[in-house]
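Undergrad: File model-v5.pdb follows (PDB, C-alpha atoms, pLDDT in the B column):
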```pdb
ATOM      1  CA  MET Z 186      11.420  10.633  39.957  1.00 69.00           C
ATOM      2  CA  LYS Z 187      11.094  14.088  38.443  1.00 80.00           C
ATOM      3  CA  LEU Z 188      14.033  15.404  36.424  1.00 80.00           C
ATOM      4  CA  ASP Z 189      15.707  18.644  37.355  1.00 87.00           C
ATOM      5  CA  GLU Z 190      15.532  21.438  34.799  1.00 88.00           C
ATOM      6  CA  VAL Z 191      19.083  21.008  33.500  1.00 90.00           C
ATOM      7  CA  GLU Z 192      18.685  17.265  32.891  1.00 90.00           C
ATOM      8  CA  ARG Z 193      15.265  17.750  31.313  1.00 88.00           C
ATOM      9  CA  LYS Z 194      16.664  20.304  28.852  1.00 88.00           C
ATOM     10  CA  ARG Z 195      19.615  18.034  28.054  1.00 91.00           C
ATOM     11  CA  ARG Z 196      17.296  15.116  27.281  1.00 89.00           C
ATOM     12  CA  GLU Z 197      14.965  17.301  25.218  1.00 89.00           C
ATOM     13  CA  ALA Z 198      17.898  18.493  23.098  1.00 91.00           C
ATOM     14  CA  LEU Z 199      19.249  14.964  22.665  1.00 91.00           C
ATOM     15  CA  ILE Z 200      15.882  13.523  21.582  1.00 92.00           C
ATOM     16  CA  ALA Z 201      15.136  16.505  19.324  1.00 92.00           C
ATOM     17  CA  ASP Z 202      18.544  16.432  17.628  1.00 92.00           C
ATOM     18  CA  GLU Z 203      19.379  12.733  17.565  1.00 92.00           C
ATOM     19  CA  TYR Z 204      15.967  11.102  17.210  1.00 92.00           C
ATOM     20  CA  GLY Z 205      13.786  13.658  15.445  1.00 91.00           C
ATOM     21  CA  GLY Z 206      11.648  14.453  18.466  1.00 92.00           C
ATOM     22  CA  MET Z 207      10.901  10.981  19.810  1.00 93.00           C
ATOM     23  CA  SER Z 208      12.913   8.050  20.965  1.00 91.00           C
ATOM     24  CA  PRO Z 209      12.228   5.020  18.712  1.00 91.00           C
ATOM     25  CA  MET Z 210      11.227   2.884  21.693  1.00 91.00           C
ATOM     26  CA  TYR Z 211       8.486   5.395  22.537  1.00 93.00           C
ATOM     27  CA  GLU Z 212       6.888   5.691  19.087  1.00 95.00           C
ATOM     28  CA  ALA Z 213       4.051   3.425  20.280  1.00 96.00           C
ATOM     29  CA  PHE Z 214       2.955   6.079  22.794  1.00 96.00           C
ATOM     30  CA  TYR Z 215       2.508   8.638  20.029  1.00 97.00           C
ATOM     31  CA  ILE Z 216       0.832   6.174  17.671  1.00 98.00           C
ATOM     32  CA  HIS Z 217      -1.654   5.135  20.361  1.00 97.00           C
ATOM     33  CA  SER Z 218      -2.351   8.759  21.267  1.00 97.00           C
ATOM     34  CA  ILE Z 219      -2.983   9.589  17.602  1.00 98.00           C
ATOM     35  CA  ILE Z 220      -5.296   6.577  17.261  1.00 98.00           C
ATOM     36  CA  TYR Z 221      -7.242   7.686  20.335  1.00 98.00           C
ATOM     37  CA  ALA Z 222      -7.793  11.251  19.094  1.00 97.00           C
ATOM     38  CA  ALA Z 223      -8.627  10.134  15.550  1.00 98.00           C
ATOM     39  CA  GLU Z 224     -11.045   7.417  16.734  1.00 98.00           C
ATOM     40  CA  ARG Z 225     -12.825   9.849  19.064  1.00 98.00           C
ATOM     41  CA  SER Z 226     -13.180  12.309  16.188  1.00 97.00           C
ATOM     42  CA  GLU Z 227     -14.463   9.709  13.712  1.00 98.00           C
ATOM     43  CA  THR Z 228     -16.852   8.221  16.305  1.00 98.00           C
ATOM     44  CA  ALA Z 229     -18.331  11.675  16.883  1.00 98.00           C
ATOM     45  CA  PHE Z 230     -18.707  12.192  13.124  1.00 98.00           C
ATOM     46  CA  GLN Z 231     -20.471   8.823  12.872  1.00 98.00           C
ATOM     47  CA  ARG Z 232     -22.878   9.927  15.626  1.00 98.00           C
ATOM     48  CA  PHE Z 233     -23.353  13.136  13.631  1.00 98.00           C
ATOM     49  CA  ASP Z 234     -24.306  11.083  10.541  1.00 98.00           C
ATOM     50  CA  ALA Z 235     -26.761   9.027  12.609  1.00 98.00           C
ATOM     51  CA  ALA Z 236     -28.249  12.119  14.261  1.00 98.00           C
ATOM     52  CA  VAL Z 237     -28.792  13.774  10.865  1.00 98.00           C
ATOM     53  CA  ALA Z 238     -30.367  10.592   9.434  1.00 98.00           C
ATOM     54  CA  ALA Z 239     -32.707  10.338  12.448  1.00 98.00           C
ATOM     55  CA  SER Z 240     -33.612  14.071  12.332  1.00 97.00           C
ATOM     56  CA  GLU Z 241     -32.457  14.540  15.903  1.00 98.00           C
ATOM     57  CA  PRO Z 242     -32.755  18.013  17.462  1.00 98.00           C
ATOM     58  CA  PRO Z 243     -30.426  20.645  15.961  1.00 97.00           C
ATOM     59  CA  ALA Z 244     -28.576  21.147  19.256  1.00 96.00           C
ATOM     60  CA  LEU Z 245     -27.598  17.466  19.324  1.00 97.00           C
ATOM     61  CA  ILE Z 246     -26.577  17.456  15.659  1.00 98.00           C
ATOM     62  CA  PHE Z 247     -24.424  20.542  16.118  1.00 96.00           C
ATOM     63  CA  ALA Z 248     -22.911  19.109  19.314  1.00 96.00           C
ATOM     64  CA  THR Z 249     -21.778  15.940  17.531  1.00 97.00           C
ATOM     65  CA  VAL Z 250     -20.060  17.822  14.710  1.00 95.00           C
ATOM     66  CA  GLN Z 251     -18.459  20.154  17.257  1.00 93.00           C
ATOM     67  CA  GLU Z 252     -17.186  17.148  19.218  1.00 95.00           C
ATOM     68  CA  GLY Z 253     -15.729  15.602  16.065  1.00 95.00           C
ATOM     69  CA  LEU Z 254     -13.950  18.823  15.190  1.00 92.00           C
ATOM     70  CA  THR Z 255     -12.698  19.348  18.740  1.00 91.00           C
ATOM     71  CA  HIS Z 256     -11.046  15.909  18.724  1.00 94.00           C
ATOM     72  CA  ALA Z 257      -9.640  16.684  15.257  1.00 94.00           C
ATOM     73  CA  GLY Z 258      -8.103  19.804  16.824  1.00 91.00           C
ATOM     74  CA  ALA Z 259      -6.470  17.660  19.522  1.00 91.00           C
ATOM     75  CA  LEU Z 260      -5.138  15.376  16.785  1.00 95.00           C
ATOM     76  CA  SER Z 261      -3.771  18.377  14.901  1.00 93.00           C
ATOM     77  CA  ARG Z 262      -1.607  19.417  17.846  1.00 91.00           C
ATOM     78  CA  PHE Z 263       0.498  16.254  17.550  1.00 94.00           C
ATOM     79  CA  PHE Z 264       1.547  17.358  14.060  1.00 95.00           C
ATOM     80  CA  TRP Z 265       1.597  21.141  14.533  1.00 93.00           C
ATOM     81  CA  PRO Z 266       2.437  21.749  18.209  1.00 90.00           C
ATOM     82  CA  MET Z 267       1.403  24.969  19.885  1.00 80.00           C
ATOM     83  CA  LYS Z 268       4.784  25.558  21.577  1.00 71.00           C
ATOM     84  CA  ARG Z 269       6.862  26.423  18.561  1.00 69.00           C
ATOM     85  CA  GLU Z 270       9.800  27.562  20.695  1.00 73.00           C
ATOM     86  CA  ASN Z 271      10.177  24.072  22.202  1.00 84.00           C
ATOM     87  CA  ARG Z 272      12.774  22.173  20.142  1.00 89.00           C
ATOM     88  CA  LEU Z 273      11.422  18.808  21.216  1.00 92.00           C
ATOM     89  CA  SER Z 274       7.811  19.429  20.188  1.00 92.00           C
ATOM     90  CA  VAL Z 275       8.885  21.101  16.934  1.00 93.00           C
ATOM     91  CA  ALA Z 276      11.070  18.114  16.029  1.00 95.00           C
ATOM     92  CA  ARG Z 277       8.328  15.665  17.033  1.00 95.00           C
ATOM     93  CA  GLY Z 278       5.754  17.474  14.924  1.00 95.00           C
ATOM     94  CA  LYS Z 279       8.045  17.473  11.902  1.00 95.00           C
ATOM     95  CA  ARG Z 280       8.778  13.768  12.278  1.00 96.00           C
ATOM     96  CA  LEU Z 281       5.103  12.876  12.642  1.00 97.00           C
ATOM     97  CA  ARG Z 282       4.129  15.027   9.646  1.00 97.00           C
ATOM     98  CA  GLY Z 283       6.688  13.131   7.588  1.00 97.00           C
ATOM     99  CA  ALA Z 284       5.487   9.733   8.791  1.00 97.00           C
ATOM    100  CA  PHE Z 285       1.829  10.593   8.086  1.00 97.00           C
ATOM    101  CA  LEU Z 286       2.531  12.429   4.804  1.00 97.00           C
ATOM    102  CA  LEU Z 287       1.162  15.758   6.010  1.00 97.00           C
ATOM    103  CA  ASN Z 288       2.087  19.216   4.778  1.00 95.00           C
ATOM    104  CA  ASP Z 289       0.919  22.707   5.637  1.00 92.00           C
ATOM    105  CA  GLU Z 290      -1.913  22.438   3.081  1.00 94.00           C
ATOM    106  CA  SER Z 291      -3.578  19.715   5.156  1.00 95.00           C
ATOM    107  CA  ALA Z 292      -7.124  20.467   6.300  1.00 94.00           C
ATOM    108  CA  LEU Z 293      -6.050  19.254   9.723  1.00 93.00           C
ATOM    109  CA  LYS Z 294      -3.845  22.324  10.098  1.00 92.00           C
ATOM    110  CA  TRP Z 295      -6.780  24.729   9.699  1.00 84.00           C
ATOM    111  CA  ARG Z 296      -6.637  26.503  13.032  1.00 78.00           C
ATOM    112  CA  ARG Z 297      -9.435  28.972  12.358  1.00 80.00           C
ATOM    113  CA  LEU Z 298     -12.169  26.415  12.951  1.00 76.00           C
ATOM    114  CA  ARG Z 299     -10.566  24.942  16.058  1.00 73.00           C
ATOM    115  CA  ASN Z 300     -10.023  28.437  17.435  1.00 80.00           C
ATOM    116  CA  ALA Z 301     -13.644  29.338  16.671  1.00 81.00           C
ATOM    117  CA  PHE Z 302     -14.765  26.604  19.077  1.00 78.00           C
ATOM    118  CA  GLU Z 303     -12.056  27.141  21.673  1.00 80.00           C
ATOM    119  CA  HIS Z 304     -12.541  30.912  21.823  1.00 83.00           C
ATOM    120  CA  PHE Z 305     -16.282  31.055  21.171  1.00 85.00           C
ATOM    121  CA  ASP Z 306     -16.987  33.006  24.361  1.00 88.00           C
ATOM    122  CA  GLU Z 307     -14.447  35.716  23.516  1.00 91.00           C
ATOM    123  CA  ASP Z 308     -15.563  35.864  19.877  1.00 87.00           C
ATOM    124  CA  LEU Z 309     -19.186  36.164  20.989  1.00 85.00           C
ATOM    125  CA  ASP Z 310     -18.235  39.129  23.184  1.00 87.00           C
ATOM    126  CA  GLN Z 311     -16.616  40.843  20.201  1.00 86.00           C
ATOM    127  CA  PHE Z 312     -19.449  39.934  17.836  1.00 81.00           C
ATOM    128  CA  LEU Z 313     -22.055  41.478  20.139  1.00 79.00           C
ATOM    129  CA  LEU Z 314     -19.976  44.636  20.650  1.00 82.00           C
ATOM    130  CA  GLN Z 315     -20.531  45.416  16.954  1.00 80.00           C
ATOM    131  CA  ASP Z 316     -24.248  46.269  17.472  1.00 71.00           C
ATOM    132  CA  PRO Z 317     -25.523  43.716  14.932  1.00 72.00           C
ATOM    133  CA  VAL Z 318     -28.953  44.310  13.422  1.00 77.00           C
ATOM    134  CA  GLY Z 319     -31.466  42.017  11.770  1.00 80.00           C
ATOM    135  CA  TYR Z 320     -32.732  38.578  12.679  1.00 80.00           C
ATOM    136  CA  PHE Z 321     -31.038  36.642  15.464  1.00 80.00           C
ATOM    137  CA  PHE Z 322     -30.771  32.870  15.618  1.00 80.00           C
ATOM    138  CA  PRO Z 323     -29.055  32.129  18.950  1.00 85.00           C
ATOM    139  CA  SER Z 324     -29.966  28.415  19.005  1.00 92.00           C
ATOM    140  CA  PRO Z 325     -28.056  25.807  16.996  1.00 95.00           C
ATOM    141  CA  MET Z 326     -29.609  25.167  13.594  1.00 95.00           C
ATOM    142  CA  VAL Z 327     -29.477  22.497  10.894  1.00 96.00           C
ATOM    143  CA  ASP Z 328     -30.139  24.235   7.607  1.00 96.00           C
ATOM    144  CA  ASP Z 329     -28.708  25.401   4.306  1.00 95.00           C
ATOM    145  CA  ALA Z 330     -25.443  27.291   4.850  1.00 94.00           C
ATOM    146  CA  ASP Z 331     -26.550  29.914   2.315  1.00 93.00           C
ATOM    147  CA  LEU Z 332     -28.885  31.247   5.005  1.00 89.00           C
ATOM    148  CA  ALA Z 333     -25.824  32.915   6.565  1.00 85.00           C
ATOM    149  CA  ASP Z 334     -25.322  34.951   3.381  1.00 86.00           C
ATOM    150  CA  GLU Z 335     -28.481  36.936   4.018  1.00 83.00           C
ATOM    151  CA  PHE Z 336     -27.518  40.415   5.157  1.00 75.00           C
ATOM    152  CA  LEU Z 337     -29.862  40.553   8.152  1.00 80.00           C
ATOM    153  CA  ALA Z 338     -29.319  36.986   9.366  1.00 81.00           C
ATOM    154  CA  ASN Z 339     -27.201  36.706  12.506  1.00 82.00           C
ATOM    155  CA  ILE Z 340     -26.472  33.014  12.897  1.00 87.00           C
ATOM    156  CA  PHE Z 341     -24.555  31.846  15.912  1.00 87.00           C
ATOM    157  CA  LYS Z 342     -24.330  28.087  15.236  1.00 92.00           C
ATOM    158  CA  LEU Z 343     -25.502  26.268  12.118  1.00 95.00           C
ATOM    159  CA  VAL Z 344     -24.510  23.031  10.461  1.00 97.00           C
ATOM    160  CA  ASP Z 345     -25.275  22.155   6.855  1.00 97.00           C
ATOM    161  CA  PRO Z 346     -24.808  18.368   6.612  1.00 97.00           C
ATOM    162  CA  HIS Z 347     -25.230  18.311   2.822  1.00 95.00           C
ATOM    163  CA  GLN Z 348     -22.564  20.890   2.021  1.00 96.00           C
ATOM    164  CA  GLY Z 349     -20.376  19.905   4.978  1.00 96.00           C
ATOM    165  CA  ILE Z 350     -20.340  23.415   6.376  1.00 96.00           C
ATOM    166  CA  CYS Z 351     -20.370  24.553   9.980  1.00 94.00           C
ATOM    167  CA  ILE Z 352     -21.204  28.190  10.743  1.00 93.00           C
ATOM    168  CA  ILE Z 353     -20.062  29.873  13.925  1.00 91.00           C
ATOM    169  CA  LEU Z 354     -20.941  33.518  14.555  1.00 88.00           C
ATOM    170  CA  GLY Z 355     -21.739  33.962  10.880  1.00 84.00           C
ATOM    171  CA  GLU Z 356     -18.412  32.556   9.631  1.00 88.00           C
ATOM    172  CA  LYS Z 357     -18.454  29.462   7.391  1.00 91.00           C
ATOM    173  CA  PHE Z 358     -16.102  26.514   7.831  1.00 92.00           C
ATOM    174  CA  GLU Z 359     -15.906  23.329   5.743  1.00 94.00           C
ATOM    175  CA  PHE Z 360     -15.582  20.175   7.805  1.00 95.00           C
ATOM    176  CA  HIS Z 361     -15.649  17.365   5.192  1.00 95.00           C
ATOM    177  CA  PRO Z 362     -11.930  17.831   4.337  1.00 95.00           C
ATOM    178  CA  ILE Z 363     -11.039  17.665   8.037  1.00 95.00           C
ATOM    179  CA  ARG Z 364     -13.014  14.466   8.506  1.00 96.00           C
ATOM    180  CA  ALA Z 365     -11.379  12.891   5.446  1.00 97.00           C
ATOM    181  CA  GLU Z 366      -7.928  13.715   6.828  1.00 97.00           C
ATOM    182  CA  VAL Z 367      -8.844  12.260  10.235  1.00 98.00           C
ATOM    183  CA  GLN Z 368      -9.959   9.027   8.537  1.00 98.00           C
ATOM    184  CA  ARG Z 369      -6.741   8.831   6.520  1.00 98.00           C
ATOM    185  CA  ILE Z 370      -4.553   9.389   9.581  1.00 98.00           C
ATOM    186  CA  LEU Z 371      -6.522   6.848  11.601  1.00 98.00           C
ATOM    187  CA  SER Z 372      -6.056   4.237   8.874  1.00 98.00           C
ATOM    188  CA  LEU Z 373      -2.300   4.875   8.725  1.00 98.00           C
ATOM    189  CA  ALA Z 374      -1.927   4.846  12.515  1.00 98.00           C
ATOM    190  CA  LEU Z 375      -3.767   1.529  12.802  1.00 98.00           C
ATOM    191  CA  LYS Z 376      -1.452   0.015  10.166  1.00 98.00           C
ATOM    192  CA  MET Z 377       1.573   1.342  12.055  1.00 97.00           C
ATOM    193  CA  ASP Z 378       0.214  -0.159  15.259  1.00 96.00           C
ATOM    194  CA  ASP Z 379      -0.247  -3.533  13.533  1.00 96.00           C
ATOM    195  CA  ASN Z 380       3.355  -3.338  12.283  1.00 94.00           C
ATOM    196  CA  GLY Z 381       4.941  -3.255  15.720  1.00 92.00           C
ATOM    197  CA  SER Z 382       3.822   0.250  16.725  1.00 91.00           C
ATOM    198  CA  ARG Z 383       6.505   1.876  14.628  1.00 90.00           C
ATOM    199  CA  LEU Z 384       6.278   4.937  12.410  1.00 91.00           C
TER     200      LEU Z 384
END
```
The structure given in the file should be rewritten as structure tokens.
TA:
Amino acid sequence: MKLDEVERKRREALIADEYGGMSPMYEAFYIHSIIYAAERSETAFQRFDAAVAASEPPALIFATVQEGLTHAGALSRFFWPMKRENRLSVARGKRLRGAFLLNDESALKWRRLRNAFEHFDEDLDQFLLQDPVGYFFPSPMVDDADLADEFLANIFKLVDPHQGICIILGEKFEFHPIRAEVQRILSLALKMDDNGSRL
């Protein structure tokens, strides 16, 4: 049965204020959700490693790193919720950050990279409005990230597996720190799950 608005707000306030954003009996739901997102991210990164080792086509290699980072973005939202005006999600995020030893310096909080994937279409519109000149590389590439530093190179998607850099519309992003944080969180979440699904 769906709650009416007044009761929903009352429960949100109670859980935010009394329980730090989540009722203790429901911690397992958050732990399992975090495990799912972290495992999907790490599995994609493992496919990325295999694709690089097998010299798969650049489009496939780029797709696997993009998938890993997209799942890392979903994981990030548990700790830094988008709806900052919602007391419940703010309290939940704070509690989870504490349990997983995260602070605002965490690579997982880097929103620029996640936004670059989520808003690629809009960013591409703006990029092309600038009348770029030079050489255009519209297809995904696997190459040295320094290629993007060339003045006339217009790179849309490039991944440098050796330096751990992903380039989107000419902007460089490091992904090794994000992957390391995903692995750390996954390890902690699995231990929590083994210990009765408690934070």
Undergrad: Hey, what comes out of the PyMOL selection byres ((chain Z and resi 262) around 12) on this file? Could you write it as a ChimeraX atom specification?
TA: /Z:215,218-219,222-223,255-261,263-269,274-275,277-279,281-282,293-296,299
Undergrad: Provide the CA of Ala365 in chain Z to CA of Met207 in chain Z distance in Å, to one decimal place.
TA: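 So the answer is 26.6 Å.
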Undergrad: What separation in Å, quoted to one decimal, exists between CA of Leu298 in chain Z and CA of Pro242 in chain Z?
TA: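 Value for the CA of Leu298 in chain Z-CA of Pro242 in chain Z distance: 22.7 Å.
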Undergrad: Can you turn the PyMOL selection byres ((chain Z and resi 201) around 12) into a concrete residue list for this file, as a list in words?
TA: Lys194, Arg195, Arg196, Glu197, Ala198, Leu199, Ile200, Asp202, Glu203, Tyr204, Gly205, Gly206, Met207, Ser208, Pro209, Asn271, Arg272, Leu273, Ser274, Val275, Ala276, Arg277, Gly278, Lys279 and Arg280 of chain Z
Undergrad: Excluding Ile340 in chain Z and any residue of its chain fewer than 5 positions from it, enumerate the residues within 7 Å of it, using only C-alpha atoms, and give them as a PyMOL selection string.
TA: chain Z and resi 321-323+333+354-355
